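Peer 1: One structure, as structure tokens, below. Some questions next.
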Amino acid sequence: MTPDAPLIDRSLFGPGPTNTYPEADAALVRPLLGHLDPVFIQLMDETCEMLRTLWGTTNARTLPLSATGSGGMEAAFVNTVHRGDVVVVAINGLFGQRMAELASRLGARVVPVESEWGRPLDPDDVLRAHPSPAIICAVHAETSTGVRNDVAALGAGKGDALLLTDHVTSIGGMPLAVDDWGIDVAYAGTQKCLSVAPGLAPFTINDRAFERRVERPTSWYFDLGLLGGYVGGDAGGKRTYHHTAPTAMVVSLHAALTRILSEGLDAVTARHEAAGAALQEGLQEMGLELFAAEGYRLPQLTTVRVPDGVDSAKVRAYLLQTFSIEIGAGIGEFADSVWRIGLMGHNAQPRSVALVLGALKQAIA
Ligand code: PLP
């Protein structure tokens, strides 16, 4: 490790983490606050309230869990899946597969509904998979393939089932309306379109799902019955000690959310759309073929096929060494044949589009 290695400044154009908003960085160097400090408690309250706005929910139980996105996934499943439950899982990528794995570990009867990687799920197929599932699960933005799934259609047709959705890559970059779309439980992560370092999992659950929850989930850390007091909600506004809040991370998230809301959610979404469209157009003008199905492409994460005769790993290494640019490889069978290019949060801007297109052109010339 060279002595200046910690100062290397990368352009993080992969599937996450992305470069952070300057406001989120600045917050990390503030003097640390204690987790029961009244100033921190107020910042936590405001963070939960801003998260409600981003989620599009009035759910009282909305909080940043102290974990990465996978912790959000664990929390969602351990609190809602009862042994023997029928759980329909929509799968068109790695993160759908993980949902099925988690449900199965909890003793659910998993009904997988698969669609080809790179293609969206057909909501009718998912809704027809079982007459009375306890839970229907889907990933809104499949990071492994760059595909958007129509979770609103699942909410409209879910009947008595709970709808549990993954928004790790969608929150802060795409329209999101938890209440209007009929989502009961949802989790996300900070390191993608929220442009905060990895480490927190924004989470929300409505009363309907909370009332049906597992009383004593196998995870103590993610037991929502205990975590209510951590943010005051289930203890009549009174804080009860559960674990030490990662105060620096919450303050950083607070700064990023404040920045996002002052720009305006519609403007932030439009910025992601414009950057994604310009990147996708530029890649096609270079003669490259996009991987995700047209009409379902994520603006914040573009998947593109590696041209014949080009060594995927060599190009990625060249970008890193020559331009300090990181892009991602594909996943699973597409590891060598697809690149994943993210323009998320702070990176969803024209200069990133120009930078990555110019560098890639040189790398594959
Ligand atoms: N779900 C999706 C859609 C993701 O993209 C990721 C991470 O990339 C995760 C879950 C897991 O999140 P983390 O890696 O932060 O634990």
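Just so we're on the same page: first chain in the structure tokens is A, next is B, and so on; residues restart at 1 for each chain, and ligands are numbered from 1 in the order they show up.
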Near range 207-218 of chain A, within 12 Å and counting only C-alpha atoms, which residues show up once chain neighbours fewer than 4 positions away are dropped, as a PyMOL selection string?
Peer 2: chain A and resi 57-62+74-83+85+105-107+134-135+160-164+179+182-186+222-226+228+234
Peer 1: Considering only C-alpha atoms, return as a ChimeraX atom specification whatever protein or nucleic-acid residues lie within 12 Å of Thr53 in chain A, sequence-local ones (same chain, fewer than 3 positions apart) excluded.
Peer 2: /A:46-50,56-60,62-63,171-172,175-179,202,204,257-258,260-261,264-266
Peer 1: For the residues in the current selection, export N, CA and C atoms as a CSV table (one decimal), in the first residue's frame.
Peer 2:
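Wrote again-v4.csv, looks like this:
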chain,number,residue,atom,x,y,z
A,46,GLU,N,-35.4,14.4,12.4
A,46,GLU,CA,-35.5,15.0,11.1
A,46,GLU,C,-35.1,14.1,9.9
A,47,THR,N,-34.1,13.2,10.2
A,47,THR,CA,-33.7,12.2,9.2
A,47,THR,C,-34.9,11.3,8.9
A,48,CYS,N,-35.5,10.8,9.9
A,48,CYS,CA,-36.7,9.9,9.7
A,48,CYS,C,-37.8,10.7,8.9
A,49,GLU,N,-38.0,11.9,9.2
A,49,GLU,CA,-39.0,12.7,8.5
A,49,GLU,C,-38.7,12.9,7.1
A,50,MET,N,-37.4,13.2,6.8
A,50,MET,CA,-37.0,13.4,5.4
A,50,MET,C,-37.0,12.1,4.7
A,56,GLY,N,-42.1,8.5,0.2
A,56,GLY,CA,-43.5,8.7,-0.2
A,56,GLY,C,-44.4,8.0,0.8
A,57,THR,N,-44.2,8.2,2.1
A,57,THR,CA,-45.0,7.4,3.1
A,57,THR,C,-45.2,8.3,4.3
A,58,THR,N,-46.3,7.9,5.0
A,58,THR,CA,-46.5,8.5,6.3
A,58,THR,C,-46.2,7.5,7.4
A,59,ASN,N,-45.6,6.4,7.0
A,59,ASN,CA,-45.4,5.3,8.0
A,59,ASN,C,-44.6,5.8,9.2
A,60,ALA,N,-45.1,5.6,10.4
A,60,ALA,CA,-44.4,6.1,11.6
A,60,ALA,C,-43.1,5.3,11.8
A,62,THR,N,-40.4,4.5,10.2
A,62,THR,CA,-39.5,4.7,9.1
A,62,THR,C,-38.2,5.2,9.7
A,63,LEU,N,-37.1,4.5,9.4
A,63,LEU,CA,-35.8,4.8,10.1
A,63,LEU,C,-34.6,4.4,9.3
A,171,ILE,N,-33.9,4.4,-4.4
A,171,ILE,CA,-34.2,5.5,-3.6
A,171,ILE,C,-33.3,6.7,-3.9
A,172,GLY,N,-33.9,7.9,-4.0
A,172,GLY,CA,-33.1,9.1,-4.3
A,172,GLY,C,-32.7,9.2,-5.8
A,175,PRO,N,-38.6,8.0,-9.2
A,175,PRO,CA,-39.9,8.2,-8.5
A,175,PRO,C,-40.2,7.0,-7.6
A,176,LEU,N,-40.7,7.3,-6.4
A,176,LEU,CA,-40.9,6.2,-5.4
A,176,LEU,C,-42.1,6.7,-4.5
A,177,ALA,N,-43.1,5.8,-4.4
A,177,ALA,CA,-44.4,6.2,-3.7
A,177,ALA,C,-44.9,5.0,-2.9
A,178,VAL,N,-44.2,4.8,-1.8
A,178,VAL,CA,-44.5,3.6,-1.0
A,178,VAL,C,-46.0,3.4,-0.7
A,179,ASP,N,-46.7,4.5,-0.2
A,179,ASP,CA,-48.1,4.4,0.2
A,179,ASP,C,-49.0,4.3,-1.0
A,202,PRO,N,-32.0,2.7,5.0
A,202,PRO,CA,-33.3,3.3,5.2
A,202,PRO,C,-34.4,2.2,5.1
A,204,THR,N,-38.7,1.2,6.0
A,204,THR,CA,-40.1,1.6,6.3
A,204,THR,C,-41.0,0.4,6.4
A,257,LEU,N,-29.8,14.2,2.7
A,257,LEU,CA,-31.3,14.3,2.5
A,257,LEU,C,-31.7,15.8,2.4
A,258,THR,N,-31.1,16.6,3.3
A,258,THR,CA,-31.4,18.0,3.2
A,258,THR,C,-31.0,18.6,1.9
A,260,ILE,N,-30.8,16.9,-1.0
A,260,ILE,CA,-31.7,16.4,-2.0
A,260,ILE,C,-33.0,17.1,-2.0
A,261,LEU,N,-33.6,17.3,-0.8
A,261,LEU,CA,-34.9,18.0,-0.7
A,261,LEU,C,-34.8,19.5,-1.1
A,264,GLY,N,-34.9,19.5,-4.6
A,264,GLY,CA,-36.3,19.1,-5.0
A,264,GLY,C,-36.3,17.7,-5.6
A,265,LEU,N,-37.2,16.8,-5.1
A,265,LEU,CA,-37.2,15.4,-5.5
A,265,LEU,C,-37.4,15.3,-7.0
A,266,ASP,N,-38.3,16.1,-7.6
A,266,ASP,CA,-38.5,16.0,-9.1
A,266,ASP,C,-37.3,16.4,-9.8
Peer 1: Please find the residues contacting ligand 1 at a distance of at most 10 Å between atoms, with only C-alpha atoms and all ligand atoms counted, and report them as a ChimeraX atom specification.
Peer 2: /A:15-17,67-74,93-96,98-99,138-146,165-170,187-192,197-201
Peer 1: Fewer than 5 positions away in the same chain doesn't count, so skip those; otherwise give me all residues within 7 Å of range 360-365 of chain A, counting only C-alpha atoms, as an MDAnalysis selection string.
Peer 2: chainID A and resid 315 318:319
Peer 1: Could you save those same residues with C-alpha atoms as a PDB file, in the first residue's frame?
Peer 2:
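For reference, selection-v4.pdb as written:
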ATOM      1  CA  VAL A 315     -10.769  -2.279 -19.990  1.00  0.00           C
ATOM      2  CA  TYR A 318      -7.234   0.585 -17.852  1.00  0.00           C
ATOM      3  CA  LEU A 319     -10.011   2.957 -16.784  1.00  0.00           C
TER       4      LEU A 319
END
Peer 1: Give me every strand (DSSP E or B) residue in range 118-364 of chain A, going by DSSP on the backbone, as a ChimeraX atom specification.
Peer 2: /A:135-139,141-142,147-148,162-166,185-187,201-205,290,297,301-305,325-326,328-329,338-342
Peer 1: Next, write the just-selected residues to a file, as an mmCIF file, in the first residue's frame, keeping N, CA and C atoms as the atom set.
Peer 2:
data_model
loop_
_atom_site.group_PDB
_atom_site.id
_atom_site.type_symbol
_atom_site.label_atom_id
_atom_site.label_comp_id
_atom_site.auth_asym_id
_atom_site.auth_seq_id
_atom_site.Cartn_x
_atom_site.Cartn_y
_atom_site.Cartn_z
ATOM 1 N N ILE A 135 -46.828 -13.177 1.440
ATOM 2 C CA ILE A 135 -45.956 -12.050 1.070
ATOM 3 C C ILE A 135 -45.569 -12.175 -0.410
ATOM 4 N N ILE A 136 -45.530 -11.020 -1.076
ATOM 5 C CA ILE A 136 -44.995 -10.949 -2.443
ATOM 6 C C ILE A 136 -43.761 -10.044 -2.373
ATOM 7 N N CYS A 137 -42.666 -10.490 -2.978
ATOM 8 C CA CYS A 137 -41.415 -9.718 -2.889
ATOM 9 C C CYS A 137 -40.891 -9.390 -4.280
ATOM 10 N N ALA A 138 -40.311 -8.208 -4.409
ATOM 11 C CA ALA A 138 -39.697 -7.831 -5.687
ATOM 12 C C ALA A 138 -38.649 -6.754 -5.467
ATOM 13 N N VAL A 139 -37.732 -6.688 -6.421
ATOM 14 C CA VAL A 139 -36.684 -5.656 -6.405
ATOM 15 C C VAL A 139 -37.108 -4.569 -7.390
ATOM 16 N N ALA A 141 -35.307 -1.834 -8.480
ATOM 17 C CA ALA A 141 -34.238 -1.547 -9.441
ATOM 18 C C ALA A 141 -33.176 -2.633 -9.295
ATOM 19 N N GLU A 142 -33.151 -3.579 -10.243
ATOM 20 C CA GLU A 142 -32.224 -4.732 -10.152
ATOM 21 C C GLU A 142 -30.822 -4.289 -10.547
ATOM 22 N N VAL A 147 -32.284 -3.320 -14.667
ATOM 23 C CA VAL A 147 -33.694 -3.366 -15.063
ATOM 24 C C VAL A 147 -34.613 -2.834 -13.960
ATOM 25 N N ARG A 148 -35.628 -2.079 -14.375
ATOM 26 C CA ARG A 148 -36.666 -1.599 -13.451
ATOM 27 C C ARG A 148 -37.839 -2.572 -13.466
ATOM 28 N N LEU A 162 -48.847 -9.184 1.824
ATOM 29 C CA LEU A 162 -47.978 -8.027 2.060
ATOM 30 C C LEU A 162 -47.069 -7.882 0.849
ATOM 31 N N LEU A 163 -46.754 -6.656 0.502
ATOM 32 C CA LEU A 163 -45.777 -6.416 -0.569
ATOM 33 C C LEU A 163 -44.485 -5.906 0.066
ATOM 34 N N LEU A 164 -43.403 -6.638 -0.197
ATOM 35 C CA LEU A 164 -42.084 -6.327 0.399
ATOM 36 C C LEU A 164 -41.113 -6.028 -0.750
ATOM 37 N N THR A 165 -40.527 -4.833 -0.744
ATOM 38 C CA THR A 165 -39.740 -4.434 -1.917
ATOM 39 C C THR A 165 -38.362 -3.878 -1.555
ATOM 40 N N ASP A 166 -37.443 -4.056 -2.504
ATOM 41 C CA ASP A 166 -36.044 -3.614 -2.365
ATOM 42 C C ASP A 166 -35.855 -2.342 -3.184
ATOM 43 N N VAL A 185 -43.637 -3.111 3.208
ATOM 44 C CA VAL A 185 -42.314 -3.124 3.844
ATOM 45 C C VAL A 185 -41.275 -2.826 2.769
ATOM 46 N N ALA A 186 -40.338 -1.932 3.072
ATOM 47 C CA ALA A 186 -39.340 -1.608 2.048
ATOM 48 C C ALA A 186 -38.018 -1.249 2.718
ATOM 49 N N TYR A 187 -36.942 -1.561 2.013
ATOM 50 C CA TYR A 187 -35.603 -1.228 2.534
ATOM 51 C C TYR A 187 -34.755 -0.668 1.403
ATOM 52 N N ALA A 201 -29.255 1.632 6.266
ATOM 53 C CA ALA A 201 -30.311 1.038 5.445
ATOM 54 C C ALA A 201 -31.644 1.731 5.760
ATOM 55 N N PRO A 202 -32.011 2.747 4.983
ATOM 56 C CA PRO A 202 -33.338 3.338 5.175
ATOM 57 C C PRO A 202 -34.408 2.238 5.098
ATOM 58 N N PHE A 203 -35.368 2.320 6.002
ATOM 59 C CA PHE A 203 -36.323 1.220 6.150
ATOM 60 C C PHE A 203 -37.686 1.798 6.475
ATOM 61 N N THR A 204 -38.741 1.175 5.963
ATOM 62 C CA THR A 204 -40.092 1.615 6.338
ATOM 63 C C THR A 204 -41.049 0.419 6.360
ATOM 64 N N ILE A 205 -41.953 0.436 7.324
ATOM 65 C CA ILE A 205 -42.945 -0.648 7.433
ATOM 66 C C ILE A 205 -44.260 -0.018 7.896
ATOM 67 N N LEU A 290 -26.886 -1.985 -25.586
ATOM 68 C CA LEU A 290 -27.347 -1.972 -24.201
ATOM 69 C C LEU A 290 -27.916 -3.342 -23.839
ATOM 70 N N ARG A 297 -35.064 0.340 -18.736
ATOM 71 C CA ARG A 297 -33.672 0.623 -18.356
ATOM 72 C C ARG A 297 -33.623 1.610 -17.212
ATOM 73 N N LEU A 301 -28.329 3.278 -13.523
ATOM 74 C CA LEU A 301 -27.399 2.155 -13.705
ATOM 75 C C LEU A 301 -27.611 1.536 -15.081
ATOM 76 N N THR A 302 -26.626 1.768 -15.929
ATOM 77 C CA THR A 302 -26.711 1.309 -17.316
ATOM 78 C C THR A 302 -25.902 0.033 -17.481
ATOM 79 N N THR A 303 -26.502 -0.953 -18.126
ATOM 80 C CA THR A 303 -25.761 -2.186 -18.433
ATOM 81 C C THR A 303 -25.530 -2.225 -19.938
ATOM 82 N N VAL A 304 -24.312 -2.561 -20.314
ATOM 83 C CA VAL A 304 -23.937 -2.517 -21.729
ATOM 84 C C VAL A 304 -23.103 -3.758 -22.035
ATOM 85 N N ARG A 305 -23.323 -4.326 -23.225
ATOM 86 C CA ARG A 305 -22.578 -5.538 -23.582
ATOM 87 C C ARG A 305 -21.143 -5.187 -23.961
ATOM 88 N N ILE A 325 -11.104 5.890 -12.915
ATOM 89 C CA ILE A 325 -12.556 5.674 -13.053
ATOM 90 C C ILE A 325 -12.869 4.210 -12.753
ATOM 91 N N GLU A 326 -13.843 4.008 -11.883
ATOM 92 C CA GLU A 326 -14.304 2.637 -11.608
ATOM 93 C C GLU A 326 -15.633 2.405 -12.319
ATOM 94 N N GLY A 328 -18.336 -1.166 -13.201
ATOM 95 C CA GLY A 328 -18.543 -2.503 -12.663
ATOM 96 C C GLY A 328 -18.577 -3.571 -13.747
ATOM 97 N N ALA A 329 -18.218 -4.789 -13.336
ATOM 98 C CA ALA A 329 -18.378 -5.948 -14.223
ATOM 99 C C ALA A 329 -19.824 -6.415 -14.131
ATOM 100 N N VAL A 338 -20.727 -8.157 -19.760
ATOM 101 C CA VAL A 338 -21.527 -6.945 -19.513
ATOM 102 C C VAL A 338 -20.723 -6.014 -18.600
ATOM 103 N N TRP A 339 -20.832 -4.705 -18.849
ATOM 104 C CA TRP A 339 -20.328 -3.716 -17.895
ATOM 105 C C TRP A 339 -21.522 -3.037 -17.250
ATOM 106 N N ARG A 340 -21.330 -2.614 -16.017
ATOM 107 C CA ARG A 340 -22.379 -1.855 -15.319
ATOM 108 C C ARG A 340 -21.826 -0.468 -14.995
ATOM 109 N N ILE A 341 -22.489 0.546 -15.536
ATOM 110 C CA ILE A 341 -22.018 1.924 -15.360
ATOM 111 C C ILE A 341 -23.080 2.717 -14.600
ATOM 112 N N GLY A 342 -22.710 3.148 -13.412
ATOM 113 C CA GLY A 342 -23.666 3.886 -12.577
ATOM 114 C C GLY A 342 -23.405 5.385 -12.612
#
Peer 1: Looking at A:Asn206, A:Gln349, A:Ser115, A:Ser337, which one is nearest to Ala267 in chain A, with distances taken over only C-alpha atoms?
Peer 2: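 Of the candidates, the smallest distance to Ala267 in chain A is held by A:Gln349.
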Peer 1: Write out as CSV a residue-level contact list of range 11-78 of chain A versus range 241-248 of chain A with cut-off 8 Å: for each qualifying residue the closest pair of atoms and the distance in Å to one decimal, counting only C-alpha atoms, rows sorted by chain and residue number upward.
Peer 2:
residue,atom,partner,partner_atom,distance
A:Ala27,CA,A:Ala248,CA,7.5
A:Leu28,CA,A:Ala248,CA,5.8
A:Leu32,CA,A:Ala248,CA,6.4
A:Leu33,CA,A:Thr247,CA,6.4
A:Gly34,CA,A:Thr247,CA,7.0
A:His35,CA,A:Ala245,CA,5.6
A:Phe40,CA,A:Thr247,CA,7.3
A:Ser66,CA,A:Pro246,CA,6.7
Peer 1: In terms of the shortest atom-to-atom distance over only C-alpha atoms, which of A:Ala278, A:Ile331, A:Cys193, A:Leu227 is closest to Gln300 in chain A?
Peer 2: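 Under the stated criterion, the closest residue is A:Cys193.
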Peer 1: Go through A:Val39, A:Leu357, A:Trp220, A:Leu298 and flag the residue nearest Glu285 in chain A, using only C-alpha atoms for the distances.
Peer 2: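 Of A:Val39, A:Leu357, A:Trp220, A:Leu298, the one nearest Glu285 in chain A, counting only C-alpha atoms, is A:Leu357.
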Peer 1: From a DSSP calculation on the backbone, collect every residue of range 95-186 of chain A in helix (DSSP H, G or I) and output the set as a compact mmCIF listing (two decimals) with C-alpha atoms, in the first residue's frame.
Peer 2:
# COMPACT_ATOMS: atom_id res chain seq x y z
CA PHE A 95 -30.97 -9.53 -5.58
CA GLY A 96 -34.24 -11.31 -6.32
CA GLN A 97 -32.36 -14.57 -5.85
CA ARG A 98 -31.14 -13.35 -2.46
CA MET A 99 -34.69 -12.58 -1.38
CA ALA A 100 -35.68 -16.16 -2.19
CA GLU A 101 -32.68 -17.49 -0.27
CA LEU A 102 -33.53 -15.42 2.79
CA ALA A 103 -37.21 -16.42 2.75
CA SER A 104 -36.22 -20.06 2.40
CA ARG A 105 -33.80 -19.86 5.37
CA PRO A 123 -46.52 -8.41 -12.81
CA ASP A 124 -49.42 -10.64 -13.92
CA ASP A 125 -47.17 -13.72 -13.75
CA VAL A 126 -46.13 -12.75 -10.23
CA LEU A 127 -49.70 -12.11 -9.11
CA ARG A 128 -50.97 -15.37 -10.62
CA VAL A 151 -43.69 -2.75 -8.21
CA ALA A 152 -46.74 -0.46 -8.34
CA ALA A 153 -48.61 -3.09 -10.41
CA LEU A 154 -47.85 -5.66 -7.72
CA GLY A 155 -49.25 -3.35 -5.05
CA ALA A 156 -52.43 -2.83 -7.07
CA GLY A 157 -53.05 -6.58 -7.40
Peer 1: Counting only C-alpha atoms, figure out which residue out of A:Gly159, A:Pro22, A:Gly232, A:Gly14 gets nearest to Leu36 in chain A.
Peer 2: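 For Leu36 in chain A, the nearest of the given residues is A:Gly232.
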Peer 1: Could you tell me which of A:Met344, A:Gly118, A:Gly229, A:Ser324 comes closest to Glu294 in chain A if we count only C-alpha atoms?
Peer 2: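 Looking at the shortest contact to Glu294 in chain A, the residue is A:Gly118.
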Peer 1: Looking at only C-alpha atoms, which of A:Ser352, A:Ser132, A:Gln280, A:Ser195 is the one that sits closest to Ala24 in chain A?
Peer 2: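 The shortest atom-to-atom distance to Ala24 in chain A comes from A:Ser195.
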Peer 1: At a cut-off of 12 Å, using only C-alpha atoms, what residues contact Ala354 in chain A? Leave out same-chain residues fewer than 4 positions from it and give the result as a PyMOL selection string.
Peer 2: chain A and resi 275-276+278-283+343+347-350+358-361
Peer 1: Which distance in Å separates CA of Leu12 in chain A and CA of Ala317 in chain A, to one decimal?
Peer 2: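 Atom-to-atom, CA of Leu12 in chain A and CA of Ala317 in chain A are spaced 13.4 Å apart.
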